[in-house]
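Here is the structure we will look at.
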Amino acid sequence: VVFGGTSNTIAGATTFSNTGSVTLNNDPTDSTTFTGGVTATAPSSKTINGTITAAGTGVINLGTSGVTVSGNSTVGGTSTGQITLGAATLADGVTLTVGTGIANTLSLSSVTGTASGTSSNLTINTTGAVTISGAVGTDIGTVTITQSGGTTFSSTVDAASIVLSNSTAAANITFSDNVTVTTGLTVSAGTAAYNVVFGGTSNTIAGATTFSNTGSVTLNNDPTDSTTFTGGVTAT
């Protein structure tokens with residue numbers, strides 16, 4: 001099933017039960033709105049491009065099978081329903097933004113760029129809780145948490161840069177596994193006292209790092225863990 005129009009609006013709660021592929025939009029300027037939400041867990045693969053939205057409390061469930069992100073894409077809208085993405089593969093130079101700054105719960109699998117080309121980027125933007133269960137890496141440029149109600153990276157994160165802009169008060173941004181940052185980590189003060197946790201066994205962060213958040217900072221969970229800030233670290 002292929003939706004190739006520049007602006008598509010589909011009422012009701014939509015379920016794709018076909019076991020072939022689903023393509024939503026062909027261009028970053030295209031948009032498809034499922035006013036009652038959309039579930040596409042049966043298709044063997046999904047390809048998205050542009051904007052995928054829902055309204056009300058409709059969910060956007062593109063889980064189970066993989067999702068190819070072929071152009072700059074935003075998954076979200078005005079709906080407060082949960083957003084679920086299967087393993088996402090980003091084309092060269094693409095930015096995937098999940099959430100539009102409202103209270104969606106986000107559940108992502110792995111996020112992978114395309115090797116040997118222009119780096120791709122991941123942006124998280126919600127006031128709800130976020131779980132990224134799979135690895136984030138392979139030619140990923142910047143991972144940005146614009147805001148969240150707490151974010152957990154359950155697997156490894158390998159990116160040029162990580163930017164933590166904001167989260168709700170007392171919420172944790174947790175890196176549960178090893179983190180490799182080849183350019184720099186930015187931790188902004190934000191508008192609330194959020195916490196940052198590095199729990200991997202071996203973390204390497206390039207550049208001079210300053211933790212400007214006013215919540216807590218946790219570096220390592222075990223005496224055998226290590227975190228290396230190659231340009232130094234300030235957490236005052």
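In the structure tokens, chains take letters A, B, ... by order of appearance, with residues numbered from 1 within each chain and ligands from 1 in the order shown.
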
Counting only C-alpha atoms, what is within 9 Å of segment 205-210 of chain A, bar same-chain residues fewer than 4 positions away, as a PDB file with all heavy atoms, in the first residue's frame?
```
ATOM      1  N   ALA A 160      28.031  11.183  16.906  1.00  0.00           N
ATOM      2  CA  ALA A 160      28.998  12.277  16.934  1.00  0.00           C
ATOM      3  C   ALA A 160      28.715  13.199  18.110  1.00  0.00           C
ATOM      4  O   ALA A 160      29.631  13.586  18.858  1.00  0.00           O
ATOM      5  CB  ALA A 160      28.965  13.049  15.620  1.00  0.00           C
ATOM      6  N   SER A 161      27.431  13.549  18.298  1.00  0.00           N
ATOM      7  CA  SER A 161      27.059  14.490  19.361  1.00  0.00           C
ATOM      8  C   SER A 161      25.783  14.041  20.043  1.00  0.00           C
ATOM      9  O   SER A 161      24.907  13.442  19.413  1.00  0.00           O
ATOM     10  CB  SER A 161      26.839  15.899  18.786  1.00  0.00           C
ATOM     11  OG  SER A 161      27.988  16.376  18.114  1.00  0.00           O
ATOM     12  N   VAL A 179      28.181   4.344  26.014  1.00  0.00           N
ATOM     13  CA  VAL A 179      27.987   5.546  25.191  1.00  0.00           C
ATOM     14  C   VAL A 179      29.318   5.939  24.570  1.00  0.00           C
ATOM     15  O   VAL A 179      30.337   6.034  25.272  1.00  0.00           O
ATOM     16  CB  VAL A 179      27.426   6.704  26.030  1.00  0.00           C
ATOM     17  CG1 VAL A 179      27.398   7.996  25.211  1.00  0.00           C
ATOM     18  CG2 VAL A 179      26.040   6.374  26.550  1.00  0.00           C
ATOM     19  N   THR A 180      29.296   6.194  23.260  1.00  0.00           N
ATOM     20  CA  THR A 180      30.470   6.708  22.559  1.00  0.00           C
ATOM     21  C   THR A 180      30.059   7.984  21.829  1.00  0.00           C
ATOM     22  O   THR A 180      29.176   7.955  20.973  1.00  0.00           O
ATOM     23  CB  THR A 180      31.012   5.692  21.544  1.00  0.00           C
ATOM     24  OG1 THR A 180      31.331   4.475  22.210  1.00  0.00           O
ATOM     25  CG2 THR A 180      32.256   6.239  20.860  1.00  0.00           C
ATOM     26  N   VAL A 181      30.690   9.092  22.195  1.00  0.00           N
ATOM     27  CA  VAL A 181      30.413  10.393  21.580  1.00  0.00           C
ATOM     28  C   VAL A 181      31.725  10.889  20.991  1.00  0.00           C
ATOM     29  O   VAL A 181      32.694  11.102  21.720  1.00  0.00           O
ATOM     30  CB  VAL A 181      29.857  11.389  22.609  1.00  0.00           C
ATOM     31  CG1 VAL A 181      29.648  12.754  21.965  1.00  0.00           C
ATOM     32  CG2 VAL A 181      28.554  10.886  23.201  1.00  0.00           C
ATOM     33  N   THR A 182      31.756  11.095  19.684  1.00  0.00           N
ATOM     34  CA  THR A 182      33.019  11.413  19.025  1.00  0.00           C
ATOM     35  C   THR A 182      33.279  12.905  18.860  1.00  0.00           C
ATOM     36  O   THR A 182      34.406  13.295  18.519  1.00  0.00           O
ATOM     37  CB  THR A 182      33.076  10.737  17.642  1.00  0.00           C
ATOM     38  OG1 THR A 182      31.957  11.155  16.860  1.00  0.00           O
ATOM     39  CG2 THR A 182      33.046   9.219  17.784  1.00  0.00           C
ATOM     40  N   THR A 183      32.271  13.753  19.069  1.00  0.00           N
ATOM     41  CA  THR A 183      32.456  15.208  18.944  1.00  0.00           C
ATOM     42  C   THR A 183      32.187  15.928  20.260  1.00  0.00           C
ATOM     43  O   THR A 183      33.026  16.690  20.744  1.00  0.00           O
ATOM     44  CB  THR A 183      31.553  15.787  17.840  1.00  0.00           C
ATOM     45  OG1 THR A 183      31.893  15.185  16.591  1.00  0.00           O
ATOM     46  CG2 THR A 183      31.734  17.296  17.733  1.00  0.00           C
ATOM     47  N   GLY A 184      31.016  15.722  20.864  1.00  0.00           N
ATOM     48  CA  GLY A 184      30.759  16.406  22.120  1.00  0.00           C
ATOM     49  C   GLY A 184      29.393  16.121  22.698  1.00  0.00           C
ATOM     50  O   GLY A 184      28.460  15.743  21.987  1.00  0.00           O
ATOM     51  N   LEU A 185      29.293  16.291  24.012  1.00  0.00           N
ATOM     52  CA  LEU A 185      28.045  16.160  24.768  1.00  0.00           C
ATOM     53  C   LEU A 185      27.656  17.520  25.304  1.00  0.00           C
ATOM     54  O   LEU A 185      28.458  18.183  25.972  1.00  0.00           O
ATOM     55  CB  LEU A 185      28.230  15.166  25.921  1.00  0.00           C
ATOM     56  CG  LEU A 185      27.149  15.132  27.001  1.00  0.00           C
ATOM     57  CD1 LEU A 185      25.824  14.617  26.444  1.00  0.00           C
ATOM     58  CD2 LEU A 185      27.596  14.267  28.187  1.00  0.00           C
ATOM     59  N   THR A 186      26.422  17.948  25.017  1.00  0.00           N
ATOM     60  CA  THR A 186      25.896  19.210  25.535  1.00  0.00           C
ATOM     61  C   THR A 186      24.756  18.908  26.496  1.00  0.00           C
ATOM     62  O   THR A 186      23.798  18.230  26.124  1.00  0.00           O
ATOM     63  CB  THR A 186      25.371  20.107  24.393  1.00  0.00           C
ATOM     64  OG1 THR A 186      26.438  20.374  23.477  1.00  0.00           O
ATOM     65  CG2 THR A 186      24.829  21.423  24.936  1.00  0.00           C
ATOM     66  N   VAL A 187      24.867  19.395  27.719  1.00  0.00           N
ATOM     67  CA  VAL A 187      23.821  19.216  28.727  1.00  0.00           C
ATOM     68  C   VAL A 187      23.377  20.594  29.180  1.00  0.00           C
ATOM     69  O   VAL A 187      24.085  21.284  29.914  1.00  0.00           O
ATOM     70  CB  VAL A 187      24.312  18.381  29.926  1.00  0.00           C
ATOM     71  CG1 VAL A 187      23.164  18.142  30.898  1.00  0.00           C
ATOM     72  CG2 VAL A 187      24.907  17.052  29.461  1.00  0.00           C
ATOM     73  N   SER A 188      22.209  21.026  28.733  1.00  0.00           N
ATOM     74  CA  SER A 188      21.711  22.366  29.039  1.00  0.00           C
ATOM     75  C   SER A 188      20.959  22.392  30.365  1.00  0.00           C
ATOM     76  O   SER A 188      20.527  21.348  30.876  1.00  0.00           O
ATOM     77  CB  SER A 188      20.794  22.849  27.915  1.00  0.00           C
ATOM     78  OG  SER A 188      21.492  22.905  26.692  1.00  0.00           O
ATOM     79  N   THR A 227      34.095   6.014  32.747  1.00  0.00           N
ATOM     80  CA  THR A 227      33.638   7.067  31.836  1.00  0.00           C
ATOM     81  C   THR A 227      34.800   8.003  31.590  1.00  0.00           C
ATOM     82  O   THR A 227      35.368   8.568  32.538  1.00  0.00           O
ATOM     83  CB  THR A 227      32.446   7.839  32.418  1.00  0.00           C
ATOM     84  OG1 THR A 227      31.336   6.944  32.606  1.00  0.00           O
ATOM     85  CG2 THR A 227      32.009   8.951  31.476  1.00  0.00           C
ATOM     86  N   THR A 228      35.168   8.168  30.322  1.00  0.00           N
ATOM     87  CA  THR A 228      36.282   9.004  29.928  1.00  0.00           C
ATOM     88  C   THR A 228      35.791  10.235  29.205  1.00  0.00           C
ATOM     89  O   THR A 228      35.088  10.130  28.185  1.00  0.00           O
ATOM     90  CB  THR A 228      37.254   8.231  29.011  1.00  0.00           C
ATOM     91  OG1 THR A 228      37.742   7.082  29.689  1.00  0.00           O
ATOM     92  CG2 THR A 228      38.421   9.108  28.592  1.00  0.00           C
ATOM     93  N   PHE A 229      36.098  11.402  29.751  1.00  0.00           N
ATOM     94  CA  PHE A 229      35.814  12.688  29.104  1.00  0.00           C
ATOM     95  C   PHE A 229      37.132  13.163  28.509  1.00  0.00           C
ATOM     96  O   PHE A 229      38.001  13.666  29.239  1.00  0.00           O
ATOM     97  CB  PHE A 229      35.261  13.699  30.097  1.00  0.00           C
ATOM     98  CG  PHE A 229      33.929  13.303  30.702  1.00  0.00           C
ATOM     99  CD1 PHE A 229      33.876  12.617  31.918  1.00  0.00           C
ATOM    100  CD2 PHE A 229      32.742  13.607  30.069  1.00  0.00           C
ATOM    101  CE1 PHE A 229      32.649  12.261  32.484  1.00  0.00           C
ATOM    102  CE2 PHE A 229      31.520  13.251  30.624  1.00  0.00           C
ATOM    103  CZ  PHE A 229      31.489  12.572  31.831  1.00  0.00           C
ATOM    104  N   THR A 230      37.309  13.030  27.194  1.00  0.00           N
ATOM    105  CA  THR A 230      38.623  13.261  26.609  1.00  0.00           C
ATOM    106  C   THR A 230      39.072  14.727  26.695  1.00  0.00           C
ATOM    107  O   THR A 230      40.272  14.999  26.726  1.00  0.00           O
ATOM    108  CB  THR A 230      38.654  12.803  25.142  1.00  0.00           C
ATOM    109  OG1 THR A 230      37.718  13.547  24.381  1.00  0.00           O
ATOM    110  CG2 THR A 230      38.326  11.314  25.029  1.00  0.00           C
ATOM    111  N   GLY A 231      38.106  15.648  26.770  1.00  0.00           N
ATOM    112  CA  GLY A 231      38.444  17.062  26.889  1.00  0.00           C
ATOM    113  C   GLY A 231      38.166  17.630  28.268  1.00  0.00           C
ATOM    114  O   GLY A 231      38.192  18.854  28.459  1.00  0.00           O
ATOM    115  N   GLY A 232      37.897  16.755  29.235  1.00  0.00           N
ATOM    116  CA  GLY A 232      37.592  17.194  30.589  1.00  0.00           C
ATOM    117  C   GLY A 232      36.099  17.313  30.833  1.00  0.00           C
ATOM    118  O   GLY A 232      35.289  17.248  29.900  1.00  0.00           O
ATOM    119  N   VAL A 233      35.753  17.483  32.114  1.00  0.00           N
ATOM    120  CA  VAL A 233      34.336  17.581  32.493  1.00  0.00           C
ATOM    121  C   VAL A 233      34.181  18.577  33.630  1.00  0.00           C
ATOM    122  O   VAL A 233      35.001  18.654  34.544  1.00  0.00           O
ATOM    123  CB  VAL A 233      33.783  16.199  32.909  1.00  0.00           C
ATOM    124  CG1 VAL A 233      34.573  15.579  34.063  1.00  0.00           C
ATOM    125  CG2 VAL A 233      32.302  16.277  33.240  1.00  0.00           C
ATOM    126  N   THR A 234      33.099  19.363  33.562  1.00  0.00           N
ATOM    127  CA  THR A 234      32.722  20.297  34.619  1.00  0.00           C
ATOM    128  C   THR A 234      31.290  20.005  35.020  1.00  0.00           C
ATOM    129  O   THR A 234      30.385  20.002  34.183  1.00  0.00           O
ATOM    130  CB  THR A 234      32.831  21.751  34.150  1.00  0.00           C
ATOM    131  OG1 THR A 234      34.185  22.019  33.772  1.00  0.00           O
ATOM    132  CG2 THR A 234      32.417  22.723  35.253  1.00  0.00           C
ATOM    133  N   ALA A 235      31.074  19.748  36.302  1.00  0.00           N
ATOM    134  CA  ALA A 235      29.729  19.493  36.816  1.00  0.00           C
ATOM    135  C   ALA A 235      29.606  20.198  38.154  1.00  0.00           C
ATOM    136  O   ALA A 235      29.702  19.579  39.227  1.00  0.00           O
ATOM    137  CB  ALA A 235      29.476  17.991  36.956  1.00  0.00           C
ATOM    138  N   THR A 236      29.396  21.510  38.097  1.00  0.00           N
ATOM    139  CA  THR A 236      29.346  22.304  39.321  1.00  0.00           C
ATOM    140  C   THR A 236      27.938  22.801  39.643  1.00  0.00           C
ATOM    141  O   THR A 236      27.686  23.294  40.736  1.00  0.00           O
ATOM    142  CB  THR A 236      30.263  23.523  39.200  1.00  0.00           C
ATOM    143  OG1 THR A 236      29.903  24.292  38.041  1.00  0.00           O
ATOM    144  CG2 THR A 236      31.709  23.083  39.072  1.00  0.00           C
TER     145      THR A 236
END
```

For Thr97 of chain A: contacts at 10 Å, only C-alpha atoms, fewer than 6 positions along chain excluded, given as a PyMOL selection string: chain A and resi 51+72-76+121-125+144-146

Neighbouring residues of Val197 of chain A were defined as those with any atom within 7 Å, considering only C-alpha atoms; residues of the same chain fewer than 4 positions away were excluded. Please report them as a PDB file with N, CA, C and O atoms, in the first residue's frame.
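Contents of the output file out02.pdb:
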```pdb
ATOM      1  N   ASN A 172      14.710  11.302  34.788  1.00  0.00           N
ATOM      2  CA  ASN A 172      16.044  10.834  34.453  1.00  0.00           C
ATOM      3  C   ASN A 172      16.210  10.687  32.945  1.00  0.00           C
ATOM      4  O   ASN A 172      15.338  10.118  32.279  1.00  0.00           O
ATOM      5  N   ILE A 173      17.314  11.168  32.423  1.00  0.00           N
ATOM      6  CA  ILE A 173      17.773  10.776  31.095  1.00  0.00           C
ATOM      7  C   ILE A 173      18.871   9.758  31.347  1.00  0.00           C
ATOM      8  O   ILE A 173      19.958  10.094  31.829  1.00  0.00           O
ATOM      9  N   THR A 174      18.571   8.494  31.053  1.00  0.00           N
ATOM     10  CA  THR A 174      19.433   7.387  31.454  1.00  0.00           C
ATOM     11  C   THR A 174      20.026   6.692  30.244  1.00  0.00           C
ATOM     12  O   THR A 174      19.300   6.266  29.334  1.00  0.00           O
ATOM     13  N   PHE A 175      21.340   6.554  30.256  1.00  0.00           N
ATOM     14  CA  PHE A 175      22.057   5.760  29.267  1.00  0.00           C
ATOM     15  C   PHE A 175      22.474   4.470  29.972  1.00  0.00           C
ATOM     16  O   PHE A 175      23.435   4.451  30.737  1.00  0.00           O
ATOM     17  N   VAL A 217      23.670  14.224  38.606  1.00  0.00           N
ATOM     18  CA  VAL A 217      24.479  13.546  37.602  1.00  0.00           C
ATOM     19  C   VAL A 217      25.027  12.271  38.222  1.00  0.00           C
ATOM     20  O   VAL A 217      25.597  12.309  39.317  1.00  0.00           O
ATOM     21  N   THR A 218      24.852  11.152  37.530  1.00  0.00           N
ATOM     22  CA  THR A 218      25.390   9.874  37.986  1.00  0.00           C
ATOM     23  C   THR A 218      26.335   9.345  36.927  1.00  0.00           C
ATOM     24  O   THR A 218      25.948   9.151  35.770  1.00  0.00           O
ATOM     25  N   LEU A 219      27.585   9.116  37.325  1.00  0.00           N
ATOM     26  CA  LEU A 219      28.596   8.583  36.417  1.00  0.00           C
ATOM     27  C   LEU A 219      29.004   7.202  36.911  1.00  0.00           C
ATOM     28  O   LEU A 219      29.683   7.081  37.936  1.00  0.00           O
TER      29      LEU A 219
END
```

Residues of segment 46-123 of chain A in strand (DSSP E), written as a PyMOL selection string: chain A and resi 46-54+60-62+67-77+83-85+88-90+95-98+106-108+111-112+120-123

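The environment of Thr32 of chain A within 9 Å, counting only C-alpha atoms and disregarding residues fewer than 5 places along the same chain, consists of Phe3, Gly5, Thr6, Ser7, Asn8, Thr9, Ile10, Leu24, Asn25, Gly50, Thr51, Ile52, Thr53 and Ala54 of chain A.
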